>>> print(open('data.txt').read())   # compact mmCIF, C-alpha atoms
# COMPACT_ATOMS: atom_id res chain seq x y z
CA MET A 1 56.46 -37.09 -17.79
CA ILE A 2 55.03 -34.51 -15.37
CA SER A 3 58.09 -34.79 -13.18
CA ALA A 4 60.26 -34.18 -16.26
CA PHE A 5 58.18 -31.09 -17.01
CA PHE A 6 58.80 -29.74 -13.50
CA ARG A 7 62.52 -30.46 -13.84
CA ASP A 8 62.71 -28.67 -17.21
CA ASN A 9 65.27 -25.86 -17.27
CA THR A 10 64.88 -24.69 -20.86
CA GLY A 11 62.43 -21.87 -20.08
CA PHE A 12 59.55 -23.83 -21.55
CA ARG A 13 58.11 -24.49 -18.09
CA ARG A 14 58.25 -20.75 -17.23
CA LYS A 15 56.47 -19.87 -20.47
CA VAL A 16 53.70 -22.39 -19.82
CA PHE A 17 53.26 -21.05 -16.28
CA LEU A 18 53.18 -17.47 -17.60
CA ILE A 19 50.60 -18.35 -20.23
CA CYS A 20 48.45 -20.21 -17.70
CA GLY A 21 48.72 -17.35 -15.19
CA LEU A 22 47.70 -14.85 -17.82
CA ALA A 23 44.81 -17.07 -18.90
CA VAL A 24 43.58 -17.38 -15.29
CA MET A 25 43.70 -13.59 -14.88
CA LEU A 26 41.79 -13.13 -18.13
CA LEU A 27 39.20 -15.68 -16.97
CA PHE A 28 38.82 -13.81 -13.69
CA GLY A 29 38.35 -10.55 -15.61
CA ALA A 30 35.81 -12.20 -17.90
CA SER A 31 33.81 -13.46 -14.93
CA LEU A 32 33.79 -9.95 -13.39
CA LEU A 33 32.62 -8.47 -16.69
CA THR A 34 29.92 -11.15 -16.99
CA ASP A 35 28.68 -10.38 -13.47
CA ASP A 36 28.48 -6.67 -14.28
CA PHE A 37 26.80 -7.43 -17.59
CA GLU A 38 24.13 -9.48 -15.82
CA LYS A 39 23.51 -6.73 -13.28
CA ILE A 40 23.19 -4.05 -15.96
CA HIS A 41 21.05 -6.32 -18.15
CA LYS A 42 18.67 -7.01 -15.26
CA HIS A 43 18.53 -3.33 -14.38
CA ASN A 44 17.84 -2.40 -18.01
CA LEU A 45 15.06 -4.98 -18.24
CA GLU A 46 13.40 -3.64 -15.09
CA LEU A 47 13.81 -0.09 -16.30
CA GLY A 48 12.22 -1.04 -19.63
CA LYS A 49 9.27 -2.67 -17.86
CA THR A 50 8.87 0.37 -15.60
CA TYR A 51 8.89 2.74 -18.56
CA ASP A 52 6.34 0.59 -20.42
CA ALA A 53 4.10 0.48 -17.35
CA ARG A 54 4.40 4.26 -16.95
CA ALA A 55 3.53 4.79 -20.63
CA ARG A 56 0.44 2.57 -20.27
CA TRP A 57 -0.55 4.32 -17.02
CA LEU A 58 -0.13 7.70 -18.66
CA GLN A 59 -2.44 6.67 -21.51
CA SER A 60 -5.13 5.46 -19.14
CA PHE A 61 -4.89 8.40 -16.73
CA SER A 62 -7.49 11.10 -17.19
CA TYR A 63 -6.00 14.29 -15.80
CA SER A 64 -9.21 16.30 -15.87
CA ALA A 65 -11.17 13.54 -14.12
CA ALA A 66 -8.42 13.22 -11.51
CA GLN A 67 -8.42 16.97 -11.00
CA ASP A 68 -12.19 16.94 -10.48
CA LEU A 69 -11.81 14.09 -8.04
CA TYR A 70 -9.08 15.90 -6.11
CA GLU A 71 -11.14 19.06 -5.89
CA ASN A 72 -14.11 17.11 -4.55
CA ILE A 73 -12.18 15.23 -1.88
CA LEU A 74 -12.74 16.77 1.52
CA LYS A 75 -9.49 18.25 2.75
CA PRO A 76 -8.36 19.71 6.08
CA VAL A 77 -8.76 23.48 6.23
CA PRO A 78 -5.88 25.84 7.05
CA GLU A 79 -5.56 26.36 10.81
CA ALA A 80 -6.54 30.03 10.52
CA GLU A 81 -9.86 29.06 8.95
CA VAL A 82 -11.11 26.68 11.66
CA ASP A 83 -13.28 29.38 13.27
CA ARG A 84 -14.74 30.34 9.92
CA VAL A 85 -15.62 26.71 9.19
CA GLN A 86 -17.20 26.34 12.63
CA MET A 87 -19.31 29.45 11.97
CA GLU A 88 -20.36 27.94 8.64
CA GLN A 89 -21.37 24.69 10.37
CA LEU A 90 -23.49 26.60 12.90
CA ALA A 91 -24.99 28.68 10.08
CA LEU A 92 -25.87 25.46 8.27
CA ILE A 93 -27.66 24.16 11.37
CA LYS A 94 -29.61 27.41 11.71
CA ARG A 95 -30.42 27.49 8.00
CA HIS A 96 -32.36 24.27 8.50
CA GLY A 97 -34.43 25.92 11.22
CA ILE A 98 -32.77 23.97 14.02
CA ASP A 99 -32.43 25.47 17.48
CA ILE A 100 -28.95 25.34 18.95
CA ASP A 101 -28.95 25.05 22.73
CA THR A 102 -25.26 24.94 23.48
CA VAL A 103 -21.98 24.76 21.63
CA ARG A 104 -18.89 23.48 23.31
CA GLN A 105 -15.38 23.39 21.95
CA ASN A 106 -13.02 20.75 23.22
CA LYS A 107 -9.32 21.28 23.42
CA GLN A 108 -7.43 21.12 20.21
CA ASN A 109 -5.63 17.89 19.99
CA ARG A 110 -3.44 15.93 17.72
CA ARG A 111 -4.10 12.26 17.22
CA LYS A 112 -1.60 9.46 16.99
CA ASP A 113 -1.85 9.57 13.21
CA LYS A 114 -0.77 13.25 13.32
CA LEU A 115 -4.12 14.56 12.11
CA LYS A 116 -4.87 17.89 13.77
CA LEU A 117 -8.44 18.60 14.78
CA VAL A 118 -10.77 20.72 16.85
CA ARG A 119 -13.67 18.88 18.45
CA TYR A 120 -17.06 20.51 18.89
CA GLU A 121 -20.18 19.39 20.69
CA VAL A 122 -23.57 20.96 19.98
CA LEU A 123 -26.95 20.37 21.61
CA LEU A 124 -29.81 20.77 19.16
CA GLU A 125 -33.55 20.54 19.07
CA ALA A 126 -35.36 19.97 15.80
CA ASP A 127 -37.92 17.88 14.02
CA TRP A 128 -36.72 14.75 12.26
CA LYS A 129 -37.03 16.10 8.70
CA HIS A 130 -34.89 19.18 9.35
CA LEU A 131 -32.36 17.25 11.37
CA GLN A 132 -32.01 14.64 8.64
CA ASP A 133 -31.52 17.30 5.93
CA MET A 134 -28.94 19.08 8.06
CA LEU A 135 -27.00 15.86 8.79
CA ASN A 136 -26.88 15.03 5.08
CA GLU A 137 -25.19 18.36 4.34
CA PHE A 138 -23.07 18.60 7.46
CA GLU A 139 -19.86 16.95 6.24
CA LYS A 140 -19.47 19.17 3.15
CA PRO A 141 -17.49 20.96 1.80
CA ASN A 142 -14.66 20.77 4.34
CA LEU A 143 -13.17 17.86 6.23
CA VAL A 144 -15.72 17.91 9.04
CA ILE A 145 -16.57 14.49 10.42
CA MET A 146 -19.48 13.69 12.72
CA THR A 147 -18.30 11.10 15.23
CA ASP A 148 -21.06 10.93 17.85
CA LEU A 149 -24.80 11.50 17.77
CA ASP A 150 -27.30 10.96 20.53
CA MET A 151 -30.97 11.52 19.61
CA THR A 152 -33.99 11.31 21.91
CA PRO A 153 -37.56 12.34 21.11
CA THR A 154 -39.11 15.03 23.33
CA LYS A 155 -42.66 15.27 24.59
CA GLU A 156 -43.28 18.07 22.08
CA GLY A 157 -42.69 15.67 19.21
CA THR A 158 -39.29 17.05 18.28
CA LEU A 159 -35.85 15.45 18.68
CA ARG A 160 -33.19 16.48 21.12
CA ALA A 161 -29.77 15.66 19.75
CA LYS A 162 -26.20 15.90 20.91
CA LEU A 163 -23.88 16.05 17.94
CA VAL A 164 -20.12 15.75 18.24
CA TYR A 165 -17.91 16.51 15.27
CA ASN A 166 -14.29 17.14 14.38
CA ILE A 167 -13.00 19.91 12.17
CA TYR A 168 -9.66 18.81 10.75
CA TYR A 169 -7.02 21.37 9.91
CA ALA A 170 -3.56 21.31 8.47
CA MET B 1 58.60 -62.36 -39.93
CA TYR B 2 57.38 -61.16 -36.52
CA PRO B 3 58.74 -57.88 -34.94
CA ILE B 4 60.85 -58.55 -31.88
CA ASN B 5 60.75 -56.15 -28.93
CA TYR B 6 64.28 -55.80 -27.63
CA GLY B 7 63.18 -53.43 -24.75
CA ASN B 8 64.54 -49.99 -23.95
CA PHE B 9 68.16 -49.01 -23.64
CA LEU B 10 67.30 -45.66 -21.89
CA THR B 11 67.28 -45.20 -18.15
CA SER B 12 63.98 -44.46 -16.44
CA ASP B 13 64.76 -40.72 -16.08
CA GLU B 14 65.94 -40.44 -19.67
CA TYR B 15 62.78 -42.19 -20.77
CA LYS B 16 60.60 -39.63 -18.85
CA VAL B 17 62.53 -36.71 -20.36
CA CYS B 18 62.13 -38.12 -23.85
CA LYS B 19 58.45 -38.68 -23.29
CA PHE B 20 58.14 -35.09 -22.03
CA LEU B 21 60.03 -33.76 -25.07
CA TYR B 22 57.77 -35.83 -27.29
CA TYR B 23 54.64 -34.36 -25.71
CA ARG B 24 55.97 -30.79 -25.31
CA PRO B 25 54.03 -29.44 -28.32
CA LEU B 26 50.88 -30.82 -26.67
CA PHE B 27 51.71 -28.95 -23.41
CA SER B 28 52.27 -25.85 -25.48
CA ALA B 29 49.01 -26.30 -27.40
CA VAL B 30 46.99 -26.86 -24.21
CA ALA B 31 48.46 -23.73 -22.57
CA ASN B 32 47.91 -21.62 -25.68
CA GLY B 33 44.39 -23.03 -26.07
CA PHE B 34 43.62 -22.10 -22.47
CA LEU B 35 44.98 -18.60 -23.09
CA LEU B 36 42.95 -18.27 -26.28
CA PHE B 37 39.81 -19.49 -24.53
CA SER B 38 40.28 -16.91 -21.73
CA PHE B 39 41.09 -14.18 -24.20
CA VAL B 40 37.96 -14.88 -26.26
CA GLY B 41 35.97 -15.06 -23.01
CA VAL B 42 37.17 -11.66 -21.87
CA ILE B 43 36.56 -10.15 -25.31
CA LEU B 44 32.99 -11.50 -25.45
CA SER B 45 32.19 -10.48 -21.87
CA GLY B 46 33.62 -7.02 -22.48
CA ALA B 47 31.65 -6.64 -25.69
CA ALA B 48 28.43 -7.76 -24.00
CA TYR B 49 29.08 -5.40 -21.07
CA GLY B 50 29.84 -2.50 -23.39
CA LEU B 51 26.75 -3.08 -25.54
CA GLU B 52 24.50 -3.41 -22.50
CA THR B 53 25.79 -0.17 -20.98
CA MET B 54 25.05 1.58 -24.26
CA GLN B 55 21.53 0.13 -24.51
CA VAL B 56 19.96 1.85 -21.51
CA PRO B 57 16.21 2.05 -22.22
CA VAL B 58 14.89 5.52 -22.87
CA GLU B 59 11.53 6.80 -21.66
CA SER B 60 8.88 6.09 -24.25
CA TYR B 61 6.55 8.65 -22.67
CA ASN B 62 6.47 12.34 -21.91
CA VAL B 63 8.46 12.59 -18.68
CA GLN B 64 7.18 16.05 -17.72
CA LEU B 65 3.60 14.91 -18.25
CA PHE B 66 4.25 11.80 -16.18
CA ASP B 67 5.71 13.87 -13.33
CA MET B 68 2.71 16.18 -13.42
CA TYR B 69 0.20 13.31 -13.48
CA SER B 70 1.93 11.31 -10.80
CA LYS B 71 2.12 14.39 -8.56
CA LEU B 72 -1.66 14.80 -8.83
CA ASN B 73 -2.14 11.07 -8.30
CA ASN B 74 -0.05 11.20 -5.12
CA GLN B 75 -2.03 14.21 -3.91
CA ILE B 76 -5.27 12.27 -4.41
CA LEU B 77 -3.90 9.23 -2.59
CA GLY B 78 -2.70 11.42 0.29
CA ALA B 79 -6.05 13.22 0.55
CA VAL B 80 -7.98 9.93 0.47
CA ASP B 81 -5.72 8.55 3.18
CA VAL B 82 -6.32 11.61 5.37
CA MET B 83 -10.06 11.33 4.76
CA ALA B 84 -10.06 7.66 5.73
CA LYS B 85 -8.05 8.34 8.88
CA ALA B 86 -10.31 11.25 9.81
CA ARG B 87 -13.26 8.89 10.33
CA PRO B 88 -12.58 7.07 13.62
CA GLU B 89 -13.55 3.40 13.28
CA ASN B 90 -14.95 4.34 9.87
CA VAL B 91 -18.00 5.87 11.55
CA ASN B 92 -20.45 7.43 9.10
CA VAL B 93 -23.38 8.91 11.02
CA CYS B 94 -25.58 9.50 7.96
CA TYR B 95 -25.13 5.96 6.69
CA ILE B 96 -25.80 4.47 10.14
CA ILE B 97 -29.01 6.45 10.62
CA LYS B 98 -30.14 5.55 7.10
CA GLU B 99 -29.56 1.87 7.81
CA PHE B 100 -31.59 2.07 11.05
CA ILE B 101 -34.44 4.10 9.53
CA ASP B 102 -34.76 2.46 6.10
CA ASN B 103 -35.29 -1.02 7.49
CA LYS B 104 -37.63 0.05 10.29
CA PRO B 105 -41.14 -1.38 10.15
CA SER B 106 -43.86 1.10 11.08
CA GLU B 107 -44.82 -0.98 14.14
CA ILE B 108 -41.44 -0.23 15.74
CA VAL B 109 -40.81 3.07 17.51
CA PHE B 110 -37.39 4.48 18.44
CA THR B 111 -36.90 6.14 21.80
CA ASN B 112 -33.17 6.78 21.52
CA ILE B 113 -30.38 6.49 18.97
CA ASN B 114 -26.84 6.76 20.24
CA ILE B 115 -23.97 6.57 17.79
CA SER B 116 -20.32 6.61 18.74
CA PRO B 117 -17.33 5.31 16.76
CA SER B 118 -17.14 2.03 18.64
CA LYS B 119 -20.79 1.33 19.36
CA TYR B 120 -24.23 2.16 17.98
CA VAL B 121 -27.17 1.69 20.37
CA VAL B 122 -30.82 2.00 19.45
CA LYS B 123 -33.61 1.80 22.00
CA GLY B 124 -37.30 1.56 21.28
CA TYR B 125 -40.47 -0.40 21.61
CA GLY B 126 -42.63 -2.49 19.35
CA ASP B 127 -45.59 -4.79 19.28
CA SER B 128 -43.86 -8.18 19.02
CA ILE B 129 -40.49 -9.66 19.75
CA GLU B 130 -40.51 -11.54 16.42
CA ARG B 131 -40.76 -8.31 14.44
CA ILE B 132 -37.97 -6.70 16.46
CA ASN B 133 -35.82 -9.78 16.01
CA LYS B 134 -36.43 -9.74 12.25
CA TYR B 135 -35.58 -6.04 12.14
CA ALA B 136 -32.32 -6.61 14.04
CA LYS B 137 -31.34 -9.45 11.73
CA GLY B 138 -31.97 -7.27 8.68
CA LEU B 139 -29.49 -4.62 9.80
CA SER B 140 -26.07 -4.68 8.16
CA PHE B 141 -23.08 -2.48 8.98
CA GLY B 142 -20.37 -4.37 7.18
CA GLU B 143 -18.28 -7.38 8.05
CA THR B 144 -16.51 -5.72 10.97
CA LYS B 145 -19.70 -4.93 12.89
CA MET B 146 -21.97 -7.25 14.86
CA VAL B 147 -25.64 -6.57 15.56
CA ASN B 148 -27.00 -7.81 18.88
CA LEU B 149 -30.51 -7.67 20.18
CA GLY B 150 -30.00 -6.80 23.85
CA ASP B 151 -32.46 -6.67 26.74
CA THR B 152 -36.09 -7.01 25.77
CA LYS B 153 -38.81 -6.31 28.35
CA ARG B 154 -42.49 -6.94 27.88
CA LYS B 155 -44.73 -4.22 29.30
CA ALA B 156 -48.49 -4.70 28.87
CA ASP B 157 -49.02 -4.65 25.10
CA GLN B 158 -45.54 -3.50 24.05
CA VAL B 159 -41.98 -4.83 24.10
CA ASP B 160 -39.09 -2.55 25.01
CA TRP B 161 -35.86 -3.47 23.21
CA ILE B 162 -32.25 -2.47 22.75
CA ILE B 163 -30.14 -3.14 19.69
CA GLU B 164 -26.39 -2.79 20.02
CA VAL B 165 -23.97 -2.72 17.12
CA THR B 166 -20.41 -3.41 18.20
CA ASN B 167 -17.09 -4.28 16.61
CA LYS B 168 -16.49 -7.94 15.96
CA GLU B 169 -13.61 -9.37 17.92
CA LYS B 170 -10.59 -9.65 15.71
CA LYS B 171 -9.51 -13.22 15.05
CA LYS B 172 -6.09 -13.97 16.45
>>> encode(input="data.txt", output="structure tokens")
Amino acid sequence: MISAFFRDNTGFRRKVFLICGLAVMLLFGASLLTDDFEKIHKHNLELGKTYDARARWLQSFSYSAAQDLYENILKPVPEAEVDRVQMEQLALIKRHGIDIDTVRQNKQNRRKDKLKLVRYEVLLEADWKHLQDMLNEFEKPNLVIMTDLDMTPTKEGTLRAKLVYNIYYA
Amino acid sequence: MYPINYGNFLTSDEYKVCKFLYYRPLFSAVANGFLLFSFVGVILSGAAYGLETMQVPVESYNVQLFDMYSKLNNQILGAVDVMAKARPENVNVCYIIKEFIDNKPSEIVFTNINISPSKYVVKGYGDSIERINKYAKGLSFGETKMVNLGDTKRKADQVDWIIEVTNKEKKK
């Protein structure tokens, strides 16, 4: 029967082939459309979830509290203000009645993590109470970080301290 | 009376042609069915695609407000990151001194405190090795730091000691 179909010369065979060819092309088109539909559907779902998450986040976010937090985070000072900050740090030390023996500034350097800083080393002499009060205030309100401290008591009952700190600038 | 099968008077080829002609409407139906199936498939896929492209979700929140909030949030995250990086080895001189002083029994005397990012060393003397040992064990600088009681030397009625706080070796 199949061989008779292939030997058919009435045009029926050509019509069947044409119909089948057209159907295959339509199927191919349908599969392409289905693929695109799935991609868009997935994208829309993700977008919907993202928007929902953003809406929830927005409801839970307190802008004023975040603003307060941001203002209270210690930040690097502008480069032009490094000297002013250093003067403020020295003034803070003096305000606590601490004697400053020497102040040394190390070369400006840039660390691997691209933070820019100026490193200072000060030699101080003070009693424990004043030194403790000064240290508690030292890292405010700019991004000044104490990295090294060497304290030794003297015969006079005071403490001799070498304090090393970084002033970070942007 | 029983039917008698007299066989077929057609040749084999003629028989195949007749059979084909008999089943031709079936061929036609199958081909048309296939075409219909594909056509319906493409219509449904196209409709689904079209509907999905029209149903893009819209923001259910205030976009300008979100941009403003997220900008501030990113600024906070950036500033916190800078602050964390600014402290080498997470050194916090005030906290370290507080930890050394708060736990100190009155019988122990410090002669030197040396703090650097990688190592904190405290030297002093006390009346008994047990008390110094207990003091050293009571110190805590987080999971990344290790407290060691170093050299202890007995001199007459006092014991000189050294406590070293170093980074724990990272597990490989």
>>> residues_near_point(input="data.txt", point="(50.3, -24.2, -17.8)", cutoff="9 Å", atoms="all atoms listed in the file", output="PyMOL selection string")
(chain A and resi 13-21) or (chain B and resi 27-28+30-32+34)
>>> write_last_selection(input="data.txt", atoms="C-alpha atoms", output="mmCIF file, in the coordinates of the input")
data_model
loop_
_atom_site.group_PDB
_atom_site.id
_atom_site.type_symbol
_atom_site.label_atom_id
_atom_site.label_comp_id
_atom_site.auth_asym_id
_atom_site.auth_seq_id
_atom_site.Cartn_x
_atom_site.Cartn_y
_atom_site.Cartn_z
ATOM 1 C CA ARG A 13 58.110 -24.490 -18.090
ATOM 2 C CA ARG A 14 58.250 -20.750 -17.230
ATOM 3 C CA LYS A 15 56.470 -19.870 -20.470
ATOM 4 C CA VAL A 16 53.700 -22.390 -19.820
ATOM 5 C CA PHE A 17 53.260 -21.050 -16.280
ATOM 6 C CA LEU A 18 53.180 -17.470 -17.600
ATOM 7 C CA ILE A 19 50.600 -18.350 -20.230
ATOM 8 C CA CYS A 20 48.450 -20.210 -17.700
ATOM 9 C CA GLY A 21 48.720 -17.350 -15.190
ATOM 10 C CA PHE B 27 51.710 -28.950 -23.410
ATOM 11 C CA SER B 28 52.270 -25.850 -25.480
ATOM 12 C CA VAL B 30 46.990 -26.860 -24.210
ATOM 13 C CA ALA B 31 48.460 -23.730 -22.570
ATOM 14 C CA ASN B 32 47.910 -21.620 -25.680
ATOM 15 C CA PHE B 34 43.620 -22.100 -22.470
#
>>> residues_near_point(input="data.txt", point="(-20.7, -3.5, 16.6)", cutoff="12 Å", atoms="all atoms listed in the file", output="PyMOL selection string")
chain B and resi 89-91+96+115-122+139-149+163-170
>>> closest_atom_pairs(input="data.txt", of="chain B", to="chain A", cutoff="8 Å", atoms="all atoms listed in the file", output="JSON lines")
{"residue": "B:Asp13", "atom": "CA", "partner": "A:Ala4", "partner_atom": "CA", "distance": 7.9}
{"residue": "B:Lys16", "atom": "CA", "partner": "A:Met1", "partner_atom": "CA", "distance": 5.0}
{"residue": "B:Val17", "atom": "CA", "partner": "A:Ala4", "partner_atom": "CA", "distance": 5.3}
{"residue": "B:Lys19", "atom": "CA", "partner": "A:Met1", "partner_atom": "CA", "distance": 6.1}
{"residue": "B:Phe20", "atom": "CA", "partner": "A:Met1", "partner_atom": "CA", "distance": 5.0}
{"residue": "B:Phe27", "atom": "CA", "partner": "A:Val16", "partner_atom": "CA", "distance": 7.7}
{"residue": "B:Ser28", "atom": "CA", "partner": "A:Val16", "partner_atom": "CA", "distance": 6.8}
{"residue": "B:Ala31", "atom": "CA", "partner": "A:Cys20", "partner_atom": "CA", "distance": 6.0}
{"residue": "B:Asn32", "atom": "CA", "partner": "A:Ile19", "partner_atom": "CA", "distance": 6.9}
{"residue": "B:Phe34", "atom": "CA", "partner": "A:Ala23", "partner_atom": "CA", "distance": 6.3}
{"residue": "B:Leu35", "atom": "CA", "partner": "A:Ala23", "partner_atom": "CA", "distance": 4.5}
{"residue": "B:Leu36", "atom": "CA", "partner": "A:Ala23", "partner_atom": "CA", "distance": 7.7}
{"residue": "B:Phe37", "atom": "CA", "partner": "A:Ala23", "partner_atom": "CA", "distance": 7.9}
{"residue": "B:Ser38", "atom": "CA", "partner": "A:Leu27", "partner_atom": "CA", "distance": 5.0}
{"residue": "B:Phe39", "atom": "CA", "partner": "A:Leu26", "partner_atom": "CA", "distance": 6.2}
{"residue": "B:Gly41", "atom": "CA", "partner": "A:Ala30", "partner_atom": "CA", "distance": 5.9}
{"residue": "B:Val42", "atom": "CA", "partner": "A:Ala30", "partner_atom": "CA", "distance": 4.2}
{"residue": "B:Ile43", "atom": "CA", "partner": "A:Ala30", "partner_atom": "CA", "distance": 7.7}
{"residue": "B:Ser45", "atom": "CA", "partner": "A:Thr34", "partner_atom": "CA", "distance": 5.4}
{"residue": "B:Gly46", "atom": "CA", "partner": "A:Leu33", "partner_atom": "CA", "distance": 6.1}
{"residue": "B:Ala48", "atom": "CA", "partner": "A:Phe37", "partner_atom": "CA", "distance": 6.6}
{"residue": "B:Tyr49", "atom": "CA", "partner": "A:Phe37", "partner_atom": "CA", "distance": 4.6}
{"residue": "B:Glu52", "atom": "CA", "partner": "A:His41", "partner_atom": "CA", "distance": 6.3}
{"residue": "B:Thr53", "atom": "CA", "partner": "A:Ile40", "partner_atom": "CA", "distance": 6.9}
{"residue": "B:Gln55", "atom": "CA", "partner": "A:Asn44", "partner_atom": "CA", "distance": 7.9}
{"residue": "B:Val56", "atom": "CA", "partner": "A:Asn44", "partner_atom": "CA", "distance": 5.9}
{"residue": "B:Pro57", "atom": "CA", "partner": "A:Gly48", "partner_atom": "CA", "distance": 5.7}
{"residue": "B:Val58", "atom": "CA", "partner": "A:Gly48", "partner_atom": "CA", "distance": 7.8}
{"residue": "B:Glu59", "atom": "CA", "partner": "A:Tyr51", "partner_atom": "CA", "distance": 5.8}
{"residue": "B:Ser60", "atom": "CA", "partner": "A:Ala55", "partner_atom": "CA", "distance": 6.6}
{"residue": "B:Tyr61", "atom": "CA", "partner": "A:Ala55", "partner_atom": "CA", "distance": 5.3}
{"residue": "B:Phe66", "atom": "CA", "partner": "A:Leu58", "partner_atom": "CA", "distance": 6.5}
{"residue": "B:Tyr69", "atom": "CA", "partner": "A:Tyr63", "partner_atom": "CA", "distance": 6.7}
{"residue": "B:Leu72", "atom": "CA", "partner": "A:Gln67", "partner_atom": "CA", "distance": 7.4}
{"residue": "B:Asn73", "atom": "CA", "partner": "A:Ala66", "partner_atom": "CA", "distance": 7.4}
{"residue": "B:Gln75", "atom": "CA", "partner": "A:Tyr70", "partner_atom": "CA", "distance": 7.6}
{"residue": "B:Ile76", "atom": "CA", "partner": "A:Tyr70", "partner_atom": "CA", "distance": 5.5}
{"residue": "B:Ala79", "atom": "CA", "partner": "A:Lys75", "partner_atom": "CA", "distance": 6.5}
{"residue": "B:Val80", "atom": "CA", "partner": "A:Ile73", "partner_atom": "CA", "distance": 7.2}
{"residue": "B:Val82", "atom": "CA", "partner": "A:Leu115", "partner_atom": "CA", "distance": 7.7}
{"residue": "B:Met83", "atom": "CA", "partner": "A:Leu74", "partner_atom": "CA", "distance": 6.9}
{"residue": "B:Lys85", "atom": "CA", "partner": "A:Asp113", "partner_atom": "CA", "distance": 7.7}
{"residue": "B:Ala86", "atom": "CA", "partner": "A:Ile145", "partner_atom": "CA", "distance": 7.1}
{"residue": "B:Arg87", "atom": "CA", "partner": "A:Ile145", "partner_atom": "CA", "distance": 6.5}
{"residue": "B:Pro88", "atom": "CA", "partner": "A:Thr147", "partner_atom": "CA", "distance": 7.2}
{"residue": "B:Val91", "atom": "CA", "partner": "A:Thr147", "partner_atom": "CA", "distance": 6.4}
{"residue": "B:Asn92", "atom": "CA", "partner": "A:Met146", "partner_atom": "CA", "distance": 7.3}
{"residue": "B:Val93", "atom": "CA", "partner": "A:Met146", "partner_atom": "CA", "distance": 6.4}
{"residue": "B:Cys94", "atom": "CA", "partner": "A:Asn136", "partner_atom": "CA", "distance": 6.4}
{"residue": "B:Thr111", "atom": "CA", "partner": "A:Thr152", "partner_atom": "CA", "distance": 5.9}
{"residue": "B:Asn112", "atom": "CA", "partner": "A:Thr152", "partner_atom": "CA", "distance": 4.6}
{"residue": "B:Ile113", "atom": "CA", "partner": "A:Met151", "partner_atom": "CA", "distance": 5.1}
{"residue": "B:Asn114", "atom": "CA", "partner": "A:Asp150", "partner_atom": "CA", "distance": 4.2}
{"residue": "B:Ile115", "atom": "CA", "partner": "A:Leu149", "partner_atom": "CA", "distance": 5.0}
{"residue": "B:Ser116", "atom": "CA", "partner": "A:Asp148", "partner_atom": "CA", "distance": 4.5}
{"residue": "B:Pro117", "atom": "CA", "partner": "A:Thr147", "partner_atom": "CA", "distance": 6.1}
>>> atom_distance(input="data.txt", atom1="CA of Phe100 in chain B", atom2="CA of Gly97 in chain A")
24.0 Å
>>> atom_distance(input="data.txt", atom1="CA of Glu14 in chain B", atom2="CA of Phe6 in chain A")
14.3 Å
>>> closest_residue(input="data.txt", among="A:Ala53, A:Val118, A:Ala80, A:Val85", to="Gln105 in chain A", atoms="all atoms listed in the file")
A:Val118
>>> atom_distance(input="data.txt", atom1="CA of His130 in chain A", atom2="CA of Asp99 in chain A")
10.6 Å
>>> closest_residue(input="data.txt", among="B:Ile132, B:Val40, B:Met54, B:Ala29", to="Val159 in chain B", atoms="all atoms listed in the file")
B:Ile132
